[in-house]
Amino acid sequence: MSSNDVTLTTPDHSVSLPLVEGTQGPSCVDVAPLYRETGHFTFDPGFAATAACKSAITFIDGEKGVLLYRGYPIEQLAEKSRFLEVAYLLLEGELPTPAQMHTFEDKVTHHTMMHESVKNFLHGFHYDAHPMAMLCASVASLSAFYHDTNDNADPAQRKLAAIRLIAKMPTLAAAAYRYSIGWPIRYPRNNLEYVDRFLHMMFEVPSEPLELNPVAAKALDLLFILHADHEQNASTSTVRLVGSTGANPYASVAAGIAALWGPAHGGANEAVLKMLTEIGDAKNIGKAVARAKDKNSGFRLMGFGHRVYKNFDPRAKIIRGMAHEVLDELGVDDPLLDIAMKLEEVALKDDYFIEHKLYPNVDFYSGIIYKALKIPTSMFTVMFAIARTAGWISHWIEQHEMPGGRIGRPRQVYVGATPRAFVALDKR
């Protein structure tokens, strides 16, 4: 037994289990030999204390409020970088040189178009279909257009898929939105940068040019950076689980989009706006806060606290300033945003929220920014998906590059019927 092992004792056995150390974060007990040695599994609902993989992409310390992309603090990247540079960092592991950045941007720019058949595909949806439904299906359909370059064992084809997904996701997202409101789909303008190009595809109409306030693109680029990756969350774990089967990258990312759609995950910022609508008026803030403190009320303040961050969400500290800059610069007059600002003010001063560390999180502020930019609530999770694509495909690639990969296969605690005899239909 090594000094780095731990001993687990059951009523029948005692087994030595090795510790697995990372470069940061807590050590992990390697339970792979457990069933073989003792006949027992581990039980961890929600995988709250289970590491399912090794990864060098993102590190989170929830107790200290730390988020690192490839070792770089999110605060530095948010201040000094742009989304596409961060996407390159997540994919390649290092910040690009000027030449590498130029090449990467050029590749992304020239893969922004979607096949014309995708437009016909979108027309098969009901006019009021949720944009996430259309996005999920559209991304999955890409595997039908690129089936001849889906060799997961080929590094070049893996990187090509990454470029395609990062480039086409805004095009597909904007197309889904415009179809849902009956507007003609706009082609990407490749003379624009990534975020500006997306906003033009979203809002420009043929009858007049779109004039954007620079703060809109600045705010959206920052949100894309903050949402680009977040370690082994539900959607990223889904991408990895699907990818472990050998599924192509488009199917894997489409599965991630489906997981992101849940209100407990990517739909949280959409839930913030629904909560603000329910509150209805700034004068009702006091009542809403009182209801939130009452565990029996069934009312929750959405956009406060975080499962991983136990003190504060570092992304929220960054985006809070941008939210106020957007509201000041655009001069938006919206009752819901007035409610949000008043709620933020109360929550940051209230002893209950301070004691329970229920600070506004990134979903709270991102919802405010999207609302101020006139992005409809149904598109909030789609915006999240555009950004998170960079992280999803980086994890998918890493998974295929690491040796010893196995298909994901969680176990269970069976609580059903014990063996029983079949009874014929006429005798039941």
# chains A, B, ... in the order shown; residues from 1 in each chain; ligands from 1
>>> residues_around(residues="Glu401 in chain A", least_positions_apart="6", cutoff="10 Å", atoms="only C-alpha atoms", output="list in words")
Asn152, Ala153, Pro155 and His395 of chain A
>>> residues_around(residues="Met113 in chain A", least_positions_apart="5", cutoff="12 Å", atoms="only C-alpha atoms", output="VMD selection string")
chain A and resid 107 to 108 118 to 119 142 164 to 172 174 to 175 185 to 190 197 to 198 201
>>> residues_around(residues="Val413 in chain A", least_positions_apart="4", cutoff="12 Å", atoms="only C-alpha atoms", output="number ranges by chain")
A: 40-45
>>> write_last_selection(atoms="N, CA, C and O atoms", output="compact mmCIF listing (two decimals), in the first residue's frame")
# COMPACT_ATOMS: atom_id res chain seq x y z
N HIS A 40 -18.88 -3.70 -4.28
CA HIS A 40 -19.69 -2.51 -4.00
C HIS A 40 -19.45 -1.44 -5.07
O HIS A 40 -18.35 -1.31 -5.62
N PHE A 41 -20.50 -0.65 -5.36
CA PHE A 41 -20.38 0.56 -6.16
C PHE A 41 -20.33 1.76 -5.21
O PHE A 41 -20.56 1.64 -4.00
N THR A 42 -20.08 2.94 -5.76
CA THR A 42 -20.26 4.19 -5.02
C THR A 42 -21.63 4.77 -5.39
O THR A 42 -22.15 4.51 -6.47
N PHE A 43 -22.19 5.57 -4.50
CA PHE A 43 -23.49 6.20 -4.73
C PHE A 43 -23.31 7.70 -4.56
O PHE A 43 -22.99 8.17 -3.47
N ASP A 44 -23.51 8.45 -5.64
CA ASP A 44 -23.28 9.89 -5.61
C ASP A 44 -24.29 10.60 -6.52
O ASP A 44 -23.97 10.98 -7.64
N PRO A 45 -25.54 10.76 -6.06
CA PRO A 45 -26.56 11.42 -6.88
C PRO A 45 -26.13 12.81 -7.30
O PRO A 45 -25.63 13.60 -6.49
>>> closest_residue(among="A:Ala385, A:Leu91, A:Met322, A:Ala137", to="Ala216 in chain A", atoms="only C-alpha atoms")
A:Met322
>>> select_by_dssp(residues="range 72-169 of chain A", states="alpha helix (DSSP H)", output="PyMOL selection string")
chain A and resi 74-80+83-92+98-109+116-122+131-145+155-169
>>> closest_residue(among="A:Gly46, A:Pro335, A:Pro73, A:Pro360", to="Asp61 in chain A", atoms="only C-alpha atoms")
A:Pro73
>>> closest_residue(among="A:Gly267, A:Asp5, A:Glu345, A:Leu212", to="Lys374 in chain A", atoms="only C-alpha atoms")
A:Leu212
>>> closest_residue(among="A:Glu85, A:Asp334, A:Glu105, A:Glu92", to="Gly280 in chain A", atoms="only C-alpha atoms")
A:Asp334
>>> residues_around(residues="range 299-316 of chain A", least_positions_apart="4", cutoff="7 Å", atoms="only C-alpha atoms", output="list in words")
Gly62, Glu63, Lys64, Gly65, Val66, Leu226, Ala268, Asn269, Ala271, Val272, Met275, Arg291, Ala292, Arg320, Lys357, Leu358, Tyr359, Pro360, Asn361, Val362, Asp363, Phe364 and Tyr365 of chain A
>>> residues_around(residues="Ala258 in chain A", least_positions_apart="2", cutoff="9 Å", atoms="only C-alpha atoms", output="PyMOL selection string")
chain A and resi 132-133+136+235+253-256+260-262
>>> residues_around(residues="Ser378 in chain A", least_positions_apart="3", cutoff="9 Å", atoms="only C-alpha atoms", output="number ranges by chain")
A: 130-132, 177, 270, 375, 381-382
>>> residues_around(residues="range 23-39 of chain A", least_positions_apart="2", cutoff="10 Å", atoms="only C-alpha atoms", output="PyMOL selection string")
chain A and resi 4-21+41-42+49-51+56+59-61
>>> atom_distance(atom1="CA of Phe47 in chain A", atom2="CA of Asn296 in chain A")
27.4 Å
>>> atom_distance(atom1="CA of Tyr88 in chain A", atom2="CA of Gly246 in chain A")
23.9 Å
